[in-house]
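Please read the structure below before turning to the comments.
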Amino acid sequence: MKVKTSVTLSEELLEAISEETDATNRSAFIETAIWGYLELRRRAARNRREVDLINANAGELNAEARDVAGYQDEQ
């Protein structure tokens, strides 16, 4: 469902949007841009959580990798 709302944009941004699309498609353009931006933010947050998890377990993961590498050296 679409809801009519009002936002305030700088003239420069509105001009840049107008260069990319015509007036009838501005809302769709802005909506697509915002969905894309939100997805980037969500992906960045997920990546930060994953890096934190890897870093929290780095010692154990490195020990396991050394153990596996030891078996490979024996063969």
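Chains: A, B, ... in order of the structure tokens. Residues: from 1 per chain. Ligands: from 1, in order shown.
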key: Close residues, region 6-12 of chain A itself excluded, 12 Å, only C-alpha atoms, min 5 positions apart in chain, as a list in words   =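 So the residues in contact are Ile17, Ser18, Glu19, Ser27 and Ile30 of chain A.
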message = Can you pull out every residue from chain A that DSSP, working from the backbone, puts in alpha helix (DSSP H), and format the result as a PyMOL selection string?
response = chain A and resi 11-20+26-56+58-74
task = May I ask for the distance between CA of Ala28 (chain A) and CA of Val3 (chain A), given in Å to one decimal place?
result =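 CA of Ala28 (chain A) sits 12.6 Å away from CA of Val3 (chain A).
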